[in-house]
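Pasted below: my_file_31.cif, mmCIF, N, CA and C atoms.
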data_run
#
loop_
_atom_site.label_atom_id
_atom_site.label_comp_id
_atom_site.auth_asym_id
_atom_site.auth_seq_id
_atom_site.Cartn_x
_atom_site.Cartn_y
_atom_site.Cartn_z
N MET A 1 -15.79 -0.76 -128.84
CA MET A 1 -15.16 -1.22 -130.06
C MET A 1 -13.65 -1.14 -129.92
N SER A 2 -13.01 -2.15 -130.42
CA SER A 2 -11.56 -2.15 -130.34
C SER A 2 -10.96 -1.50 -131.58
N PRO A 3 -9.73 -1.01 -131.46
CA PRO A 3 -9.07 -0.38 -132.60
C PRO A 3 -8.92 -1.38 -133.75
N THR A 4 -8.96 -0.87 -134.96
CA THR A 4 -8.74 -1.72 -136.13
C THR A 4 -7.33 -1.49 -136.64
N LEU A 5 -6.73 -2.57 -137.12
CA LEU A 5 -5.38 -2.50 -137.67
C LEU A 5 -5.43 -2.79 -139.16
N THR A 6 -4.75 -1.96 -139.91
CA THR A 6 -4.53 -2.25 -141.33
C THR A 6 -3.06 -2.03 -141.61
N TYR A 7 -2.61 -2.62 -142.70
CA TYR A 7 -1.20 -2.54 -143.07
C TYR A 7 -1.13 -1.98 -144.49
N GLU A 8 -0.45 -0.85 -144.63
CA GLU A 8 -0.36 -0.18 -145.92
C GLU A 8 1.03 -0.41 -146.51
N LEU A 9 1.06 -0.84 -147.76
CA LEU A 9 2.30 -1.02 -148.49
C LEU A 9 2.50 0.25 -149.32
N HIS A 10 3.55 1.02 -149.00
CA HIS A 10 3.83 2.27 -149.69
C HIS A 10 5.02 2.07 -150.63
N VAL A 11 4.98 2.75 -151.76
CA VAL A 11 6.13 2.78 -152.68
C VAL A 11 6.50 4.25 -152.90
N LEU A 12 7.77 4.49 -153.12
CA LEU A 12 8.26 5.85 -153.32
C LEU A 12 8.15 6.22 -154.79
N ARG A 13 7.41 7.27 -155.07
CA ARG A 13 7.27 7.80 -156.43
C ARG A 13 7.80 9.23 -156.41
N GLY A 14 8.96 9.43 -156.97
CA GLY A 14 9.60 10.75 -156.89
C GLY A 14 9.98 11.03 -155.45
N GLN A 15 9.37 12.05 -154.87
CA GLN A 15 9.64 12.43 -153.48
C GLN A 15 8.55 11.97 -152.52
N ASP A 16 7.49 11.34 -153.04
CA ASP A 16 6.31 11.03 -152.24
C ASP A 16 6.11 9.54 -152.04
N TRP A 17 5.70 9.17 -150.82
CA TRP A 17 5.30 7.79 -150.53
C TRP A 17 3.84 7.66 -150.92
N ILE A 18 3.55 6.70 -151.77
CA ILE A 18 2.20 6.47 -152.28
C ILE A 18 1.71 5.11 -151.78
N ILE A 19 0.46 5.05 -151.31
CA ILE A 19 -0.11 3.77 -150.87
C ILE A 19 -0.35 2.92 -152.11
N ASP A 20 0.30 1.76 -152.14
CA ASP A 20 0.15 0.85 -153.26
C ASP A 20 -0.97 -0.15 -152.99
N ARG A 21 -0.98 -0.71 -151.78
CA ARG A 21 -2.00 -1.69 -151.40
C ARG A 21 -2.23 -1.59 -149.89
N VAL A 22 -3.42 -2.06 -149.48
CA VAL A 22 -3.76 -2.10 -148.05
C VAL A 22 -4.18 -3.52 -147.70
N TYR A 23 -3.68 -4.02 -146.55
CA TYR A 23 -3.95 -5.39 -146.11
C TYR A 23 -4.52 -5.37 -144.71
N GLU A 24 -5.34 -6.36 -144.40
CA GLU A 24 -5.82 -6.56 -143.03
C GLU A 24 -4.91 -7.52 -142.28
N SER A 25 -4.16 -8.33 -143.00
CA SER A 25 -3.27 -9.30 -142.40
C SER A 25 -1.82 -8.81 -142.46
N ARG A 26 -1.17 -8.77 -141.30
CA ARG A 26 0.23 -8.35 -141.25
C ARG A 26 1.10 -9.32 -142.05
N ASP A 27 0.84 -10.62 -141.92
CA ASP A 27 1.64 -11.61 -142.64
C ASP A 27 1.55 -11.42 -144.15
N ASP A 28 0.34 -11.18 -144.65
CA ASP A 28 0.17 -10.95 -146.10
C ASP A 28 0.92 -9.69 -146.54
N ALA A 29 0.85 -8.65 -145.75
CA ALA A 29 1.50 -7.39 -146.09
C ALA A 29 3.03 -7.56 -146.13
N VAL A 30 3.58 -8.24 -145.12
CA VAL A 30 5.03 -8.46 -145.08
C VAL A 30 5.47 -9.32 -146.25
N ARG A 31 4.71 -10.36 -146.52
CA ARG A 31 5.04 -11.25 -147.64
C ARG A 31 5.06 -10.48 -148.97
N GLU A 32 4.05 -9.64 -149.18
CA GLU A 32 3.97 -8.87 -150.42
C GLU A 32 5.09 -7.84 -150.51
N ALA A 33 5.41 -7.19 -149.41
CA ALA A 33 6.50 -6.19 -149.41
C ALA A 33 7.83 -6.86 -149.75
N ARG A 34 8.08 -8.01 -149.15
CA ARG A 34 9.34 -8.73 -149.44
C ARG A 34 9.39 -9.18 -150.90
N ALA A 35 8.25 -9.64 -151.42
CA ALA A 35 8.21 -10.07 -152.82
C ALA A 35 8.46 -8.88 -153.75
N LEU A 36 7.92 -7.72 -153.41
CA LEU A 36 8.12 -6.54 -154.23
C LEU A 36 9.59 -6.13 -154.26
N VAL A 37 10.25 -6.18 -153.11
CA VAL A 37 11.67 -5.82 -153.04
C VAL A 37 12.52 -6.88 -153.75
N ALA A 38 12.16 -8.15 -153.58
CA ALA A 38 12.92 -9.23 -154.24
C ALA A 38 12.81 -9.11 -155.76
N GLY A 39 11.64 -8.72 -156.24
CA GLY A 39 11.42 -8.59 -157.68
C GLY A 39 12.07 -7.35 -158.27
N ASN A 40 12.31 -6.34 -157.44
CA ASN A 40 12.92 -5.10 -157.90
C ASN A 40 13.81 -4.55 -156.79
N PRO A 41 15.10 -4.94 -156.76
CA PRO A 41 16.00 -4.52 -155.68
C PRO A 41 16.17 -3.01 -155.57
N GLN A 42 15.83 -2.28 -156.63
CA GLN A 42 15.96 -0.81 -156.58
C GLN A 42 14.69 -0.13 -156.07
N ALA A 43 13.66 -0.91 -155.77
CA ALA A 43 12.39 -0.34 -155.31
C ALA A 43 12.53 0.23 -153.90
N SER A 44 11.89 1.34 -153.65
CA SER A 44 11.81 1.92 -152.32
C SER A 44 10.42 1.57 -151.78
N VAL A 45 10.40 0.81 -150.70
CA VAL A 45 9.15 0.27 -150.16
C VAL A 45 9.12 0.50 -148.66
N GLN A 46 7.96 0.82 -148.14
CA GLN A 46 7.79 0.84 -146.68
C GLN A 46 6.46 0.21 -146.32
N LEU A 47 6.45 -0.41 -145.15
CA LEU A 47 5.23 -1.04 -144.65
C LEU A 47 4.80 -0.27 -143.41
N VAL A 48 3.55 0.20 -143.43
CA VAL A 48 3.04 1.05 -142.36
C VAL A 48 1.84 0.37 -141.70
N GLU A 49 1.90 0.29 -140.37
CA GLU A 49 0.76 -0.23 -139.61
C GLU A 49 -0.08 0.97 -139.20
N GLU A 50 -1.37 0.91 -139.50
CA GLU A 50 -2.28 1.98 -139.08
C GLU A 50 -3.26 1.42 -138.07
N ARG A 51 -3.31 2.07 -136.91
CA ARG A 51 -4.22 1.68 -135.84
C ARG A 51 -5.29 2.78 -135.74
N PHE A 52 -6.54 2.41 -136.06
CA PHE A 52 -7.64 3.37 -136.03
C PHE A 52 -8.56 3.04 -134.87
N ASP A 53 -8.83 4.05 -134.04
CA ASP A 53 -9.72 3.88 -132.90
C ASP A 53 -11.07 4.52 -133.23
N PRO A 54 -12.10 3.70 -133.47
CA PRO A 54 -13.39 4.27 -133.86
C PRO A 54 -14.06 5.07 -132.75
N LEU A 55 -13.68 4.85 -131.50
CA LEU A 55 -14.29 5.60 -130.40
C LEU A 55 -13.81 7.05 -130.39
N THR A 56 -12.53 7.26 -130.68
CA THR A 56 -11.98 8.62 -130.67
C THR A 56 -11.87 9.21 -132.06
N GLY A 57 -11.90 8.35 -133.09
CA GLY A 57 -11.72 8.83 -134.45
C GLY A 57 -10.27 9.11 -134.81
N ASN A 58 -9.36 8.76 -133.91
CA ASN A 58 -7.93 9.00 -134.15
C ASN A 58 -7.27 7.78 -134.75
N SER A 59 -6.24 8.04 -135.53
CA SER A 59 -5.44 6.94 -136.05
C SER A 59 -3.97 7.25 -135.81
N GLN A 60 -3.19 6.18 -135.67
CA GLN A 60 -1.76 6.32 -135.46
C GLN A 60 -1.06 5.38 -136.42
N GLU A 61 -0.04 5.90 -137.06
CA GLU A 61 0.73 5.09 -138.00
C GLU A 61 2.10 4.78 -137.43
N THR A 62 2.56 3.57 -137.69
CA THR A 62 3.90 3.16 -137.31
C THR A 62 4.55 2.52 -138.53
N VAL A 63 5.72 3.04 -138.92
CA VAL A 63 6.45 2.44 -140.02
C VAL A 63 7.12 1.18 -139.48
N LEU A 64 6.68 0.02 -139.98
CA LEU A 64 7.23 -1.25 -139.51
C LEU A 64 8.60 -1.50 -140.12
N PHE A 65 8.74 -1.22 -141.41
CA PHE A 65 10.06 -1.24 -142.02
C PHE A 65 10.05 -0.44 -143.31
N ARG A 66 11.24 -0.02 -143.69
CA ARG A 66 11.41 0.75 -144.91
C ARG A 66 12.67 0.25 -145.61
N VAL A 67 12.56 0.01 -146.90
CA VAL A 67 13.70 -0.38 -147.72
C VAL A 67 13.87 0.71 -148.77
N GLN A 68 15.02 1.37 -148.69
CA GLN A 68 15.31 2.44 -149.63
C GLN A 68 16.74 2.26 -150.11
N PRO A 69 16.92 1.79 -151.34
CA PRO A 69 18.28 1.63 -151.84
C PRO A 69 19.05 2.94 -151.78
N VAL A 70 20.26 2.85 -151.25
CA VAL A 70 21.09 4.04 -151.13
C VAL A 70 22.08 4.10 -152.28
N ASP A 71 22.74 2.97 -152.51
CA ASP A 71 23.78 2.96 -153.53
C ASP A 71 23.93 1.55 -154.10
N LYS A 72 23.62 1.38 -155.35
CA LYS A 72 23.78 0.12 -156.07
C LYS A 72 23.21 -1.07 -155.32
N GLY A 73 21.95 -0.97 -154.95
CA GLY A 73 21.27 -2.10 -154.34
C GLY A 73 21.39 -2.19 -152.84
N ALA A 74 22.25 -1.36 -152.21
CA ALA A 74 22.33 -1.38 -150.76
C ALA A 74 21.02 -0.83 -150.20
N ALA A 75 20.57 -1.36 -149.10
CA ALA A 75 19.30 -0.92 -148.53
C ALA A 75 19.48 -0.58 -147.07
N THR A 76 18.68 0.37 -146.60
CA THR A 76 18.68 0.71 -145.18
C THR A 76 17.33 0.34 -144.62
N PHE A 77 17.32 -0.11 -143.39
CA PHE A 77 16.09 -0.46 -142.71
C PHE A 77 15.93 0.49 -141.54
N LYS A 78 14.75 1.10 -141.46
CA LYS A 78 14.48 2.05 -140.39
C LYS A 78 13.16 1.69 -139.74
N ARG A 79 13.06 1.95 -138.46
CA ARG A 79 11.80 1.75 -137.76
C ARG A 79 11.58 2.96 -136.86
N ARG A 80 10.44 3.59 -137.07
CA ARG A 80 10.10 4.72 -136.22
C ARG A 80 8.59 4.88 -136.19
N PRO A 81 8.06 5.22 -135.03
CA PRO A 81 6.62 5.48 -134.97
C PRO A 81 6.32 6.87 -135.54
N SER A 82 5.22 6.99 -136.21
CA SER A 82 4.77 8.28 -136.71
C SER A 82 3.89 8.92 -135.65
N PRO A 83 3.86 10.24 -135.62
CA PRO A 83 2.95 10.88 -134.66
C PRO A 83 1.51 10.62 -135.07
N PRO A 84 0.60 10.64 -134.10
CA PRO A 84 -0.81 10.45 -134.46
C PRO A 84 -1.24 11.52 -135.46
N ARG A 85 -2.04 11.12 -136.43
CA ARG A 85 -2.51 12.09 -137.40
C ARG A 85 -3.96 12.44 -137.07
N PRO A 86 -4.42 13.55 -137.58
CA PRO A 86 -5.78 13.97 -137.26
C PRO A 86 -6.81 12.91 -137.63
N ALA A 87 -7.91 12.97 -136.93
CA ALA A 87 -8.98 11.99 -137.16
C ALA A 87 -9.48 12.09 -138.59
N ARG A 88 -9.77 10.94 -139.14
CA ARG A 88 -10.38 10.93 -140.47
C ARG A 88 -11.88 10.81 -140.30
N PRO A 89 -12.63 11.32 -141.23
CA PRO A 89 -14.08 11.26 -141.09
C PRO A 89 -14.56 9.81 -141.02
N ALA A 90 -15.30 9.52 -140.01
CA ALA A 90 -15.87 8.18 -139.87
C ALA A 90 -17.37 8.33 -140.03
N GLY A 91 -17.96 7.55 -140.86
CA GLY A 91 -19.38 7.63 -141.20
C GLY A 91 -20.28 8.17 -140.12
N GLY A 92 -20.43 9.45 -140.02
CA GLY A 92 -21.40 10.06 -139.13
C GLY A 92 -20.95 10.20 -137.69
N GLY A 93 -19.66 10.07 -137.42
CA GLY A 93 -19.17 10.22 -136.06
C GLY A 93 -19.36 11.65 -135.57
N ILE A 94 -19.60 11.80 -134.28
CA ILE A 94 -19.79 13.12 -133.69
C ILE A 94 -18.50 13.53 -133.02
N LYS A 95 -18.03 14.72 -133.33
CA LYS A 95 -16.81 15.24 -132.72
C LYS A 95 -17.19 16.38 -131.80
N LEU A 96 -16.83 16.26 -130.54
CA LEU A 96 -17.17 17.28 -129.56
C LEU A 96 -15.91 17.95 -129.06
N SER A 97 -15.97 19.25 -128.91
CA SER A 97 -14.82 19.98 -128.37
C SER A 97 -14.72 19.70 -126.87
N PRO A 98 -13.55 19.91 -126.29
CA PRO A 98 -13.41 19.70 -124.83
C PRO A 98 -14.38 20.57 -124.03
N ALA A 99 -14.68 21.77 -124.51
CA ALA A 99 -15.62 22.65 -123.78
C ALA A 99 -17.02 22.05 -123.75
N VAL A 100 -17.45 21.46 -124.86
CA VAL A 100 -18.77 20.85 -124.92
C VAL A 100 -18.82 19.63 -124.00
N VAL A 101 -17.76 18.81 -124.03
CA VAL A 101 -17.71 17.63 -123.17
C VAL A 101 -17.78 18.05 -121.71
N THR A 102 -17.05 19.09 -121.34
CA THR A 102 -17.06 19.58 -119.96
C THR A 102 -18.45 20.07 -119.58
N ALA A 103 -19.10 20.83 -120.47
CA ALA A 103 -20.44 21.35 -120.19
C ALA A 103 -21.43 20.19 -120.00
N LEU A 104 -21.33 19.17 -120.83
CA LEU A 104 -22.22 18.01 -120.70
C LEU A 104 -21.97 17.28 -119.38
N ALA A 105 -20.70 17.14 -119.00
CA ALA A 105 -20.38 16.46 -117.75
C ALA A 105 -20.94 17.24 -116.55
N VAL A 106 -20.84 18.56 -116.59
CA VAL A 106 -21.38 19.39 -115.50
C VAL A 106 -22.90 19.25 -115.45
N ALA A 107 -23.56 19.26 -116.61
CA ALA A 107 -25.01 19.13 -116.66
C ALA A 107 -25.47 17.78 -116.10
N VAL A 108 -24.76 16.72 -116.45
CA VAL A 108 -25.11 15.39 -115.94
C VAL A 108 -24.90 15.32 -114.44
N ALA A 109 -23.77 15.87 -113.97
CA ALA A 109 -23.50 15.86 -112.53
C ALA A 109 -24.56 16.69 -111.79
N PHE A 110 -24.95 17.83 -112.33
CA PHE A 110 -25.96 18.67 -111.70
C PHE A 110 -27.29 17.93 -111.66
N GLY A 111 -27.65 17.30 -112.78
CA GLY A 111 -28.91 16.54 -112.83
C GLY A 111 -28.91 15.39 -111.84
N ALA A 112 -27.79 14.69 -111.72
CA ALA A 112 -27.69 13.60 -110.75
C ALA A 112 -27.83 14.14 -109.33
N GLY A 113 -27.24 15.31 -109.09
CA GLY A 113 -27.36 15.94 -107.77
C GLY A 113 -28.79 16.29 -107.44
N LEU A 114 -29.54 16.77 -108.44
CA LEU A 114 -30.95 17.09 -108.22
C LEU A 114 -31.75 15.83 -107.91
N LEU A 115 -31.48 14.75 -108.65
CA LEU A 115 -32.20 13.50 -108.41
C LEU A 115 -31.94 12.97 -107.01
N VAL A 116 -30.69 13.04 -106.59
CA VAL A 116 -30.35 12.55 -105.24
C VAL A 116 -31.01 13.45 -104.20
N GLY A 117 -31.06 14.76 -104.46
CA GLY A 117 -31.67 15.69 -103.52
C GLY A 117 -33.18 15.50 -103.40
N LEU A 118 -33.83 14.98 -104.45
CA LEU A 118 -35.28 14.78 -104.42
C LEU A 118 -35.68 13.56 -103.59
N ARG A 119 -34.79 12.70 -103.30
CA ARG A 119 -35.11 11.48 -102.53
C ARG A 119 -35.42 11.88 -101.17
#
For the structure just supplied, provide its representation as structure tokens.
Amino acid sequence: MSPTLTYELHVLRGQDWIIDRVYESRDDAVREARALVAGNPQASVQLVEERFDPLTGNSQETVLFRVQPVDKGAATFKRRPSPPRPARPAGGGIKLSPAVVTALAVAVAFGAGLLVGLR
């Protein structure tokens, strides 16, 4: 399975960025973010790309752009990748610790060795 991409439109409420809407299309998300800023020049808006890998259960966020008025309508644009965040629960996914994965790999290798030895 390939990673899934979604685009989250965040707005600043007090000190916190709140997800306002989520899009599957980057073009739709950018268009909506620009319309939101055009309609309210004092709005603080950021667009975040989230890449979720269903095989690992990990997701990574990248802030594509952020508009935060500093002084009388002036805006700053910033781009920075966010660090990967912990895996979110995926419907019934199994999470194995590195020790369990290592033990399983040793067991499989040992079993394969026995099969080859029986020939």
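What separates CA of Ser44 (chain A) from CA of Ser59 (chain A) is a distance of 24.2 Å.
With only N, CA and C atoms as the atoms that count, the minimum distance from Pro41 (chain A) to the choices A:Pro69, A:Asp16, A:Ala103, A:Leu5 is reached by A:Pro69.
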When you draw a straight line from atom C of Leu36 (chain A) to atom N of Val11 (chain A), how long is it in Å? 10.3 Å
Name the residues that the PyMOL selection byres (((chain A and resi 18-23 and name CA) around 6) and name CA) picks from the file above, as a ChimeraX atom specification, using the file's chain letters and numbers. /A:6-11,17,24-25,29
Which residue is closest to Leu64 (chain A)? Choose from A:Val100, A:Ala35, A:Ala43, A:Val30 and count only C-alpha atoms. A:Val30
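Each of A:Val101, A:Val67, A:Asn58, A:Thr4 was checked against Val45 (chain A) using all atoms listed in the file; the smallest atom-to-atom distance is that of A:Val67.
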Hits of the PyMOL selection byres ((chain A and resi 2) around 7) in this structure, as a count of residues only: 7
